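Colleague: Here you go, start-v1.tsv (TSV, C-alpha atoms and all ligand atoms):
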chain	number	residue	atom	x	y	z
A	6	MET	CA	25.51	110.80	197.86
A	7	ASN	CA	27.43	110.17	194.65
A	8	CYS	CA	28.51	112.89	192.21
A	9	ARG	CA	25.50	112.38	190.00
A	10	GLU	CA	23.06	112.74	192.88
A	11	SER	CA	24.82	115.82	194.18
A	12	ILE	CA	24.68	117.41	190.73
A	13	ASN	CA	20.96	116.62	190.55
A	14	GLN	CA	20.53	118.44	193.85
A	15	ALA	CA	22.80	121.39	192.99
A	16	ASP	CA	21.39	124.93	192.77
A	17	ARG	CA	17.85	124.09	191.90
A	18	PRO	CA	16.94	120.42	191.58
A	19	LEU	CA	15.13	119.53	188.38
A	20	GLU	CA	11.66	118.14	188.95
A	21	GLU	CA	11.34	114.39	188.51
A	22	ALA	CA	8.99	114.61	185.53
A	23	LEU	CA	11.84	116.18	183.54
A	24	LEU	CA	14.83	114.63	185.32
A	25	ASN	CA	13.62	111.06	184.73
A	26	ASP	CA	12.54	111.66	181.15
A	27	TRP	CA	14.38	111.39	177.83
A	28	HIS	CA	15.31	114.60	176.05
A	29	VAL	CA	16.90	115.27	172.68
A	30	VAL	CA	20.31	116.90	173.14
A	31	ALA	CA	21.65	116.72	169.56
A	32	THR	CA	20.93	115.24	166.17
A	33	SER	CA	22.80	112.02	165.35
A	34	GLU	CA	24.51	113.87	162.52
A	35	GLU	CA	26.00	116.53	164.79
A	36	VAL	CA	27.85	114.00	166.94
A	37	VAL	CA	30.60	112.63	164.72
A	38	PRO	CA	33.34	110.31	166.00
A	39	GLY	CA	36.37	112.13	167.34
A	40	LYS	CA	34.54	115.33	168.26
A	41	LEU	CA	33.41	116.59	171.67
A	42	VAL	CA	30.09	118.37	171.29
A	43	PRO	CA	29.08	120.68	174.14
A	44	THR	CA	25.35	120.90	174.71
A	45	MET	CA	23.04	122.11	177.47
A	46	LEU	CA	19.83	120.79	178.95
A	47	PHE	CA	17.78	122.57	181.64
A	48	GLY	CA	20.81	124.74	182.43
A	49	ARG	CA	23.11	121.74	182.87
A	50	GLU	CA	26.26	121.68	180.75
A	51	LEU	CA	26.73	118.37	178.98
A	52	VAL	CA	29.13	116.93	176.45
A	53	ALA	CA	28.14	114.46	173.74
A	54	TRP	CA	30.61	112.30	171.83
A	55	ARG	CA	30.82	109.11	169.83
A	56	ASP	CA	33.43	106.36	169.81
A	57	SER	CA	34.89	104.69	166.75
A	58	ALA	CA	32.34	101.86	167.02
A	59	GLY	CA	29.54	104.42	166.67
A	60	GLN	CA	28.32	104.34	170.28
A	61	ALA	CA	27.14	107.76	171.49
A	62	TYR	CA	27.72	109.10	175.00
A	63	VAL	CA	26.35	112.05	176.95
A	64	TRP	CA	28.20	113.09	180.12
A	65	GLU	CA	28.25	116.06	182.43
A	66	ASP	CA	30.71	118.47	180.87
A	67	LEU	CA	32.84	118.27	183.98
A	68	CYS	CA	36.06	116.57	184.99
A	69	ILE	CA	35.74	115.06	188.43
A	70	HIS	CA	39.35	116.00	189.26
A	71	ARG	CA	39.17	119.80	189.34
A	72	GLY	CA	35.98	120.54	187.46
A	73	ALA	CA	37.45	121.53	184.09
A	74	ARG	CA	35.21	121.32	181.07
A	75	LEU	CA	35.75	118.03	179.27
A	76	SER	CA	34.39	119.48	176.02
A	77	LYS	CA	37.54	121.66	175.84
A	78	GLY	CA	39.66	118.51	175.75
A	79	PHE	CA	39.95	115.97	172.97
A	80	ILE	CA	39.32	112.33	172.09
A	81	GLN	CA	42.19	109.93	171.70
A	82	SER	CA	41.82	106.15	171.21
A	83	ASP	CA	38.13	106.31	172.18
A	84	ARG	CA	39.00	108.08	175.43
A	85	VAL	CA	38.02	111.57	176.48
A	86	VAL	CA	41.14	113.45	177.54
A	87	CYS	CA	40.60	116.32	179.98
A	88	PRO	CA	42.24	119.58	178.83
A	89	TYR	CA	43.58	120.42	182.30
A	90	HIS	CA	45.74	117.55	183.62
A	91	GLY	CA	45.07	115.06	180.86
A	92	TRP	CA	43.10	112.45	182.76
A	93	ASN	CA	41.79	109.86	180.29
A	94	TYR	CA	38.21	108.57	180.59
A	95	ASP	CA	37.12	105.46	178.72
A	96	GLY	CA	33.63	104.69	177.36
A	97	SER	CA	32.46	103.54	180.80
A	98	ALA	CA	33.40	107.06	182.04
A	99	GLN	CA	36.11	105.52	184.24
A	100	CYS	CA	39.43	107.34	184.46
A	101	VAL	CA	42.02	104.91	183.15
A	102	LEU	CA	45.10	107.13	183.06
A	103	MET	CA	46.39	110.00	185.16
A	104	PRO	CA	49.42	111.23	183.20
A	105	ALA	CA	51.06	112.71	186.32
A	106	SER	CA	51.21	109.20	187.76
A	107	PRO	CA	51.14	106.94	184.73
A	108	ASN	CA	51.83	103.66	186.51
A	109	GLU	CA	49.11	104.06	189.07
A	110	THR	CA	45.64	102.57	188.61
A	111	PRO	CA	43.25	105.49	189.03
A	112	MET	CA	40.94	105.19	192.02
A	113	LYS	CA	37.45	103.85	191.35
A	114	LYS	CA	35.89	107.17	192.20
A	115	ALA	CA	37.79	108.86	189.38
A	116	LYS	CA	34.86	108.66	187.04
A	117	ALA	CA	33.17	111.18	184.78
A	118	ILE	CA	29.40	111.55	185.22
A	119	PRO	CA	27.62	109.64	182.45
A	120	HIS	CA	23.93	109.91	181.58
A	121	HIS	CA	21.61	107.38	180.00
A	122	VAL	CA	21.73	107.64	176.22
A	123	LYS	CA	19.57	106.38	173.38
A	124	GLU	CA	19.75	107.11	169.72
A	125	ALA	CA	16.52	107.11	167.75
A	126	TYR	CA	14.77	108.91	164.88
A	127	GLY	CA	17.98	110.72	163.94
A	128	PHE	CA	18.38	112.21	167.43
A	129	ILE	CA	20.56	111.62	170.49
A	130	TRP	CA	18.43	111.38	173.62
A	131	ALA	CA	19.70	111.69	177.19
A	132	CYS	CA	18.11	111.07	180.56
A	133	MET	CA	19.87	112.79	183.46
A	134	GLY	CA	17.98	110.85	186.13
A	135	GLU	CA	16.60	107.31	186.02
A	136	PRO	CA	14.34	106.76	183.00
A	137	ALA	CA	10.73	106.40	184.06
A	138	ASN	CA	9.53	105.64	180.50
A	139	ASP	CA	10.98	104.70	177.16
A	140	ILE	CA	11.41	107.40	174.52
A	141	PRO	CA	8.10	108.15	172.79
A	142	ALA	CA	7.08	106.11	169.75
A	143	PHE	CA	7.35	107.50	166.22
A	144	PRO	CA	5.36	104.86	164.32
A	145	GLU	CA	6.43	105.86	160.79
A	146	TRP	CA	10.15	105.64	161.59
A	147	ASP	CA	10.29	101.89	160.92
A	148	ASP	CA	7.81	101.99	158.05
A	149	PRO	CA	9.76	101.87	154.77
A	150	SER	CA	6.87	103.38	152.80
A	151	TYR	CA	7.61	106.69	154.56
A	152	LYS	CA	10.46	108.97	153.62
A	153	LYS	CA	12.01	110.57	156.70
A	154	VAL	CA	13.83	113.90	156.84
A	155	VAL	CA	15.35	115.42	159.98
A	156	CYS	CA	15.01	119.23	159.97
A	157	GLY	CA	16.31	122.00	162.19
A	158	PRO	CA	17.78	123.09	164.52
A	159	TYR	CA	15.38	125.99	165.03
A	160	GLU	CA	15.92	128.42	167.91
A	161	PHE	CA	13.03	129.29	170.17
A	162	LYS	CA	12.90	130.89	173.57
A	163	SER	CA	10.44	128.50	175.17
A	164	GLY	CA	10.33	124.91	174.00
A	165	TYR	CA	6.86	124.62	175.57
A	166	ARG	CA	5.56	127.65	173.69
A	167	ALA	CA	7.12	126.24	170.52
A	168	LEU	CA	5.34	122.95	171.18
A	169	GLU	CA	2.05	124.65	171.90
A	170	ASN	CA	2.42	126.54	168.62
A	171	PHE	CA	3.12	123.24	166.84
A	172	ILE	CA	-0.24	121.88	168.01
A	173	ASP	CA	-2.19	125.07	167.21
A	174	PRO	CA	-3.89	125.12	163.78
A	175	THR	CA	-5.60	128.50	164.34
A	176	HIS	CA	-2.40	130.47	163.63
A	177	PHE	CA	-1.88	128.97	160.17
A	178	PRO	CA	-3.73	131.58	158.05
A	179	PHE	CA	-1.86	134.44	159.72
A	180	VAL	CA	1.66	133.24	160.48
A	181	HIS	CA	1.84	131.00	157.41
A	182	ALA	CA	-0.36	132.94	154.98
A	183	GLY	CA	-0.21	131.35	151.53
A	184	VAL	CA	1.52	128.26	152.92
A	185	ASN	CA	-0.52	126.59	155.66
A	186	GLY	CA	-3.60	128.79	155.39
A	187	ILE	CA	-5.26	131.74	153.64
A	188	MET	CA	-5.31	135.04	155.51
A	189	ASP	CA	-8.41	136.41	153.74
A	190	GLN	CA	-10.31	133.19	154.29
A	191	PRO	CA	-9.23	131.71	157.61
A	192	ASP	CA	-10.78	128.34	158.31
A	193	PRO	CA	-13.31	128.27	161.09
A	194	ILE	CA	-12.03	125.55	163.39
A	195	GLY	CA	-14.72	123.04	164.25
A	196	ALA	CA	-15.11	121.31	167.58
A	197	TYR	CA	-12.54	118.61	168.13
A	198	ASP	CA	-11.96	116.10	170.91
A	199	VAL	CA	-8.94	115.88	173.15
A	200	PHE	CA	-8.45	112.56	174.87
A	201	GLU	CA	-5.79	110.74	176.84
A	202	LYS	CA	-3.64	108.31	174.93
A	203	ASN	CA	-0.69	106.31	176.33
A	204	GLY	CA	-0.23	108.80	179.14
A	205	GLY	CA	-0.24	111.77	176.72
A	206	LEU	CA	-2.89	113.81	174.90
A	207	ALA	CA	-4.38	113.20	171.47
A	208	THR	CA	-6.99	114.89	169.29
A	209	SER	CA	-9.55	113.88	166.74
A	210	GLU	CA	-8.92	115.30	163.24
A	211	VAL	CA	-8.89	119.06	162.72
A	212	GLN	CA	-9.62	120.23	159.17
A	213	VAL	CA	-7.72	123.13	157.55
A	214	THR	CA	-7.24	124.44	154.00
A	215	GLN	CA	-3.60	124.59	152.90
A	216	PRO	CA	-2.49	126.26	149.67
A	217	TYR	CA	1.01	124.74	150.08
A	218	GLY	CA	0.36	121.99	152.57
A	219	ASP	CA	3.31	119.72	151.86
A	220	PRO	CA	6.45	119.66	149.75
A	221	ARG	CA	4.48	118.76	146.58
A	222	GLU	CA	3.39	122.42	146.41
A	223	VAL	CA	-0.18	121.49	145.64
A	224	PRO	CA	-3.25	122.90	147.46
A	225	VAL	CA	-4.68	120.39	149.92
A	226	MET	CA	-7.38	119.93	152.47
A	227	ALA	CA	-5.47	118.76	155.53
A	228	TYR	CA	-6.79	116.78	158.47
A	229	TYR	CA	-4.49	117.00	161.50
A	230	ALA	CA	-4.49	114.48	164.34
A	231	TYR	CA	-2.21	115.81	167.07
A	232	GLN	CA	-0.50	114.15	170.00
A	233	CYS	CA	1.41	115.56	172.98
A	234	LEU	CA	3.74	112.69	173.78
A	235	ARG	CA	5.95	114.18	176.47
A	236	PRO	CA	6.35	117.70	177.95
A	237	LEU	CA	8.68	118.63	175.07
A	238	VAL	CA	7.80	116.06	172.40
A	239	ALA	CA	4.76	116.18	170.13
A	240	TYR	CA	3.59	114.64	166.89
A	241	PHE	CA	1.00	115.03	164.22
A	242	LYS	CA	-0.27	112.79	161.50
A	243	LYS	CA	-1.80	114.82	158.69
A	244	ARG	CA	-4.09	113.28	156.10
A	245	VAL	CA	-3.76	115.28	152.89
A	246	VAL	CA	-6.35	115.44	150.13
A	247	ILE	CA	-5.47	117.36	146.96
A	248	THR	CA	-8.17	119.96	146.31
A	249	ASP	CA	-7.15	121.09	142.82
A	250	PRO	CA	-9.34	118.85	140.56
A	251	GLU	CA	-6.75	118.98	137.77
A	252	ARG	CA	-4.10	117.50	140.06
A	253	ALA	CA	-6.32	115.25	142.19
A	254	SER	CA	-5.03	112.17	140.38
A	255	GLU	CA	-1.56	112.82	141.89
A	256	GLY	CA	-2.92	111.98	145.30
A	257	SER	CA	-4.00	108.80	147.06
A	258	PRO	CA	-6.40	108.34	149.99
A	259	ASP	CA	-3.45	106.97	151.98
A	260	ASP	CA	-1.34	110.13	151.63
A	261	ARG	CA	0.03	111.28	154.96
A	262	PHE	CA	2.49	113.88	156.19
A	263	CYS	CA	3.68	113.33	159.76
A	264	THR	CA	5.97	115.36	161.97
A	265	PHE	CA	7.74	114.24	165.13
A	266	PHE	CA	8.62	117.40	167.07
A	267	THR	CA	11.23	117.70	169.83
A	268	ALA	CA	12.39	120.65	171.90
A	269	GLN	CA	15.62	120.72	173.89
A	270	GLN	CA	15.03	123.18	176.73
A	271	VAL	CA	18.55	124.61	176.98
A	272	ASP	CA	17.82	126.89	179.93
A	273	GLU	CA	14.71	128.64	181.21
A	274	THR	CA	14.29	130.85	178.14
A	275	ARG	CA	16.26	129.18	175.36
A	276	SER	CA	15.42	126.04	173.43
A	277	ILE	CA	16.31	124.18	170.26
A	278	VAL	CA	13.58	122.60	168.17
A	279	ARG	CA	14.41	119.66	165.94
A	280	ILE	CA	11.86	117.72	163.95
A	281	CYS	CA	11.65	114.63	161.81
A	282	CYS	CA	9.12	114.68	158.96
A	283	ALA	CA	7.75	111.46	157.51
A	284	MET	CA	5.73	111.29	154.27
A	285	ASN	CA	4.46	108.45	152.12
A	286	PHE	CA	3.16	110.14	148.96
A	287	SER	CA	4.71	109.92	145.56
A	288	PRO	CA	6.65	111.23	143.91
A	289	GLN	CA	8.72	111.62	147.05
A	290	PRO	CA	10.18	115.10	147.46
A	291	THR	CA	13.91	115.56	147.89
A	292	ASP	CA	15.39	116.17	151.35
A	293	ALA	CA	16.15	119.73	150.21
A	294	ASP	CA	12.51	120.32	149.21
A	295	VAL	CA	11.29	119.13	152.59
A	296	ARG	CA	13.83	121.24	154.49
A	297	ARG	CA	13.14	124.34	152.41
A	298	ARG	CA	9.48	124.26	153.39
A	299	GLN	CA	10.14	123.44	157.05
A	300	ASP	CA	12.83	126.13	157.36
A	301	LEU	CA	10.34	128.67	156.01
A	302	VAL	CA	7.51	127.56	158.31
A	303	TYR	CA	9.66	127.42	161.47
A	304	ALA	CA	11.23	130.83	160.72
A	305	GLN	CA	7.70	132.23	160.46
A	306	ASP	CA	6.77	130.53	163.74
A	307	SER	CA	9.82	131.61	165.74
A	308	ALA	CA	9.43	135.22	164.55
A	309	ILE	CA	6.11	135.36	166.41
A	310	VAL	CA	6.53	132.78	169.18
A	311	ASN	CA	9.74	134.45	170.37
A	312	THR	CA	7.79	137.67	171.00
A	313	GLN	CA	5.36	135.99	173.41
A	314	ARG	CA	5.49	137.15	177.01
A	315	PRO	CA	6.09	135.89	179.55
A	316	GLU	CA	8.90	133.97	177.90
A	317	ARG	CA	8.25	131.09	180.29
A	318	ILE	CA	4.89	129.52	179.52
A	319	PRO	CA	2.14	130.10	182.09
A	320	VAL	CA	0.72	126.80	183.32
A	321	ASP	CA	-1.77	128.62	185.51
A	322	LEU	CA	-4.72	128.88	183.13
A	323	ARG	CA	-5.84	132.18	184.62
A	324	MET	CA	-2.80	133.95	183.20
A	325	GLU	CA	-3.89	133.97	179.54
A	326	LEU	CA	-7.20	133.79	177.77
A	327	HIS	CA	-8.33	130.49	176.32
A	328	HIS	CA	-10.93	129.94	173.65
A	329	ARG	CA	-12.70	126.72	172.69
A	330	THR	CA	-10.43	126.46	169.63
A	331	ASP	CA	-7.38	126.43	171.95
A	332	LEU	CA	-8.61	123.30	173.69
A	333	LEU	CA	-5.47	121.26	173.05
A	334	GLY	CA	-3.13	124.04	174.20
A	335	GLN	CA	-5.22	124.52	177.28
A	336	LYS	CA	-5.10	120.79	178.09
A	337	TYR	CA	-1.36	120.77	177.39
A	338	ARG	CA	-0.78	123.44	180.03
A	339	MET	CA	-2.95	121.58	182.52
A	340	TRP	CA	-1.07	118.38	181.75
A	341	LEU	CA	2.30	120.09	182.39
A	342	ARG	CA	1.02	121.50	185.63
A	343	ASN	CA	-0.35	118.14	186.78
A	344	MET	CA	2.99	116.52	186.01
A	345	GLY	CA	4.71	119.09	188.21
A	346	VAL	CA	6.72	120.61	185.35
A	347	SER	CA	8.06	123.91	186.64
A	348	TYR	CA	11.38	124.43	184.85
A	349	GLY	CA	10.81	127.05	182.15
A	350	THR	CA	7.21	127.70	183.21
A	351	VAL	CA	5.48	130.29	185.37
B	1	LIG	S1	40.63	118.87	185.97
B	1	LIG	FE1	40.53	117.27	184.53
B	1	LIG	S2	42.42	116.30	184.72
B	1	LIG	FE2	42.46	117.81	186.26
B	2	FE	FE	3.27	127.50	162.68
Could you render the structure from this file as structure tokens?

Modeller:
Amino acid sequence: MNCRESINQADRPLEEALLNDWHVVATSEEVVPGKLVPTMLFGRELVAWRDSAGQAYVWEDLCIHRGARLSKGFIQSDRVVCPYHGWNYDGSAQCVLMPASPNETPMKKAKAIPHHVKEAYGFIWACMGEPANDIPAFPEWDDPSYKKVVCGPYEFKSGYRALENFIDPTHFPFVHAGVNGIMDQPDPIGAYDVFEKNGGLATSEVQVTQPYGDPREVPVMAYYAYQCLRPLVAYFKKRVVITDPERASEGSPDDRFCTFFTAQQVDETRSIVRICCAMNFSPQPTDADVRRRQDLVYAQDSAIVNTQRPERIPVDLRMELHHRTDLLGQKYRMWLRNMGVSYGTV
């Protein structure tokens, strides 16, 4: 058993559905060259860094020599230098210098524990096992007619509860009164379909009234099509139709507001939500306008979602009450359960 396998077996092994999947561990912006960025995923301590050529790395935050934390060290000449005895690890994670014996070639086994890394949509993704799939698709990312803005980080207890909230339009009039819904006139939510799509879940459109439905600050009728892409990654494409007749000419039938949602499950009851919004209407809002609205909405969400008990989401459907309008959330929990996701769930 190599070091990586033994770490995967340590304490409580992470189930394969999560171990062999890609997870966001930082935004691209956070990981600047020359800096060691400690991060944590499913209770495992990791370190992210970037070399001078721009390549990002995610390793166990552990020196194989005596187990010191590499993130407490520093980067020199594109090598990670351990803070304890100064072993130098190059981009392949191989130890290339042991300062106590500078003329000796370090043994092959003297290697840090690297993870698979991808960088996409403004995020750094890591897979701690062997990737079973590619990272999920975000179709608007490569479409130049869409402006993209990365928002967050937002702190939640459960990434799964945060995701379930993200795909739940029935909370809008209450949690986001005056923004995503109207408290005195909550929309009745009509029947919608949930179907399987590319191994995940997708819905038909769900219609809601939004007084401040996107950064244009104009009342819209919004039509959400949701997708659960991975256990901790979701997406919606929202068709927006301006309802104020005086401002209707500002809109176009092609207007869309999309959000790609990711949650980094730090440990069983802590997570970090990061999102990327994509919009194609004009005039295009500024990054600051987009972030202002998202920061408001996610602060409203976390204020409620972080009060939910149990903090770990129940995947046994008998544990909470489900209504027809919660169909997607209900299917999401069943999907998690069928995948064998148990970390951070009850
Ligand atoms: S523990 Fe890292 S060099 Fe000794
Ligand atoms: Fe919300």

Colleague: Which residues are near ligand FE 2 (chain B) - at most 12 Å, using only C-alpha atoms and all ligand atoms? Format: as a PyMOL selection string.

Modeller: chain A and resi 166-182+184-186+218+298-310

Colleague: Taking all atoms listed in the file into account, which residues have an atom no farther than 6 Å from ligand LIG 1 (chain B)? I'd like them as a list in words.

Modeller: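 Written in the requested form, the residues are Cys68, His70, Arg71, Gly72, Ala73, Cys87, Tyr89, His90, Gly91 and Trp92 of chain A.
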
Colleague: Looking at A:Glu316, A:Pro224, A:Pro193, A:Glu201, which one is nearest to A:Thr330, with distances taken over all atoms listed in the file?

Modeller: A:Pro193

Colleague: Tell me, in Å to one decimal, how far atom CA of A:Gly349 is from atom CA of A:Gln313.

Modeller: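 Distance between the two atoms: 13.6 Å.
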
Colleague: Can you tell me, as a list in words, what residues are no more than 12 Å from A:Pro18 when counting all atoms listed in the file, ignoring any on the same chain fewer than 4 positions away?

Modeller: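 Listing them by chain and then by number gives Arg9, Glu10, Ser11, Ile12, Asn13, Gln14, Ala22, Leu23, Leu24, Phe47, Gly48, Arg49, Met133, Gly134, Val346, Ser347 and Tyr348 of chain A.
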
Colleague: Sorted by chain and rising residue number, list the residues of stretch 147-178 of chain A at most 7 Å from stretch 285-288 of chain A (counting all atoms listed in the file), each with its closest atom pair and distance in Å to one decimal, as CSV.

Modeller:
residue,atom,partner,partner_atom,distance
A:Ser150,CA,A:Asn285,CA,5.7
A:Tyr151,CA,A:Asn285,CA,4.4
A:Lys152,CA,A:Asn285,CA,6.2

Colleague: Given the choices A:Ile277, A:Asn7, A:Pro144, A:Leu322, which gets closest to A:Ala115 if the distance is worked out from all atoms listed in the file?

Modeller: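 Looking only at the distances to A:Ala115, the closest residue turns out to be A:Asn7.
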
Colleague: Dig up all the protein and nucleic acid residues within 12 Å of (-4.6, 117.6, 151.9) in the file frame, using all atoms listed in the file, and format them as a PyMOL selection string.

Modeller: chain A and resi 185-186+211-229+242-249+252-253+255-262+286

Colleague: Could you tell me how far atom CA of A:Glu34 sits from atom CA of A:Glu65, in Å to one decimal place?

Modeller: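 Straight-line distance from atom CA of A:Glu65 to atom CA of A:Glu34 works out to 20.4 Å.
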
Colleague: Between A:Lys114, A:Arg17, A:Arg235, A:Lys336, which is the closest to A:Ala137 once you count only C-alpha atoms?

Modeller: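 Among A:Lys114, A:Arg17, A:Arg235, A:Lys336, it is A:Arg235 that comes nearest to A:Ala137.
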
Colleague: What does the structure give for the distance between atom CA of A:Thr350 and atom CA of A:Glu273, in Å to one decimal?

Modeller: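 If I compute the distance from atom CA of A:Thr350 to atom CA of A:Glu273, I get 7.8 Å.
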
Colleague: Find, counting all atoms listed in the file, the residue in A:Asp198, A:Glu21, A:Asp83, A:Asp56 that gets nearest to A:Asp331.

Modeller: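 Looking at the shortest contact to A:Asp331, the residue is A:Asp198.
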
Colleague: Give the answer as one residue: which of A:Cys281, A:Val101, A:Val295, A:Leu237 has the shortest atom-to-atom distance to A:Trp146, using all atoms listed in the file?

Modeller: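 Residue with the minimum atom-to-atom distance to A:Trp146: A:Cys281.
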
Colleague: Which residue out of A:Lys113, A:Arg74, A:Arg323, A:Arg296 has the minimum interatomic distance to A:Val154 when only C-alpha atoms are used?

Modeller: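 Closest candidate: A:Arg296.
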
Colleague: Leaving out A:Trp54 and any residue of its chain fewer than 2 positions from it, which residues lie within 10 Å of it when counting all atoms listed in the file, given as an NGL selection string?

Modeller: :A and (35-43 or 52 or 56 or 59-64 or 76 or 80 or 83 or 85 or 96)

Colleague: The selected residues should be written to file as a short mmCIF file (atom, residue, chain, number, x, y, z; two decimals), in the coordinates of the input (atoms: C-alpha atoms).

Modeller:
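This went into selection-v2.cif:
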data_model
loop_
_atom_site.label_atom_id
_atom_site.label_comp_id
_atom_site.auth_asym_id
_atom_site.auth_seq_id
_atom_site.Cartn_x
_atom_site.Cartn_y
_atom_site.Cartn_z
CA GLU A 35 26.00 116.53 164.79
CA VAL A 36 27.85 114.00 166.94
CA VAL A 37 30.60 112.63 164.72
CA PRO A 38 33.34 110.31 166.00
CA GLY A 39 36.37 112.13 167.34
CA LYS A 40 34.54 115.33 168.26
CA LEU A 41 33.41 116.59 171.67
CA VAL A 42 30.09 118.37 171.29
CA PRO A 43 29.08 120.68 174.14
CA VAL A 52 29.13 116.93 176.45
CA ASP A 56 33.43 106.36 169.81
CA GLY A 59 29.54 104.42 166.67
CA GLN A 60 28.32 104.34 170.28
CA ALA A 61 27.14 107.76 171.49
CA TYR A 62 27.72 109.10 175.00
CA VAL A 63 26.35 112.05 176.95
CA TRP A 64 28.20 113.09 180.12
CA SER A 76 34.39 119.48 176.02
CA ILE A 80 39.32 112.33 172.09
CA ASP A 83 38.13 106.31 172.18
CA VAL A 85 38.02 111.57 176.48
CA GLY A 96 33.63 104.69 177.36
#

Colleague: Could you give me, as a VMD selection string, the residues within 9 Å of stretch 202-205 of chain A, counting only C-alpha atoms and dropping anything in the same chain fewer than 4 positions from it?

Modeller: chain A and resid 232 to 236 340

Colleague: Can you tell me, as a PyMOL selection string, what residues are no more than 8 Å from A:Pro319 when counting only C-alpha atoms, ignoring any on the same chain fewer than 4 positions away?

Modeller: chain A and resi 315+324-325+338+350-351

Colleague: Excluding A:Ala207 and its own-chain neighbours fewer than 5 positions away, which residues fall within 6 Å of it when counting all atoms listed in the file? Please give them as a ChimeraX atom specification.

Modeller: /A:199-200,231-232
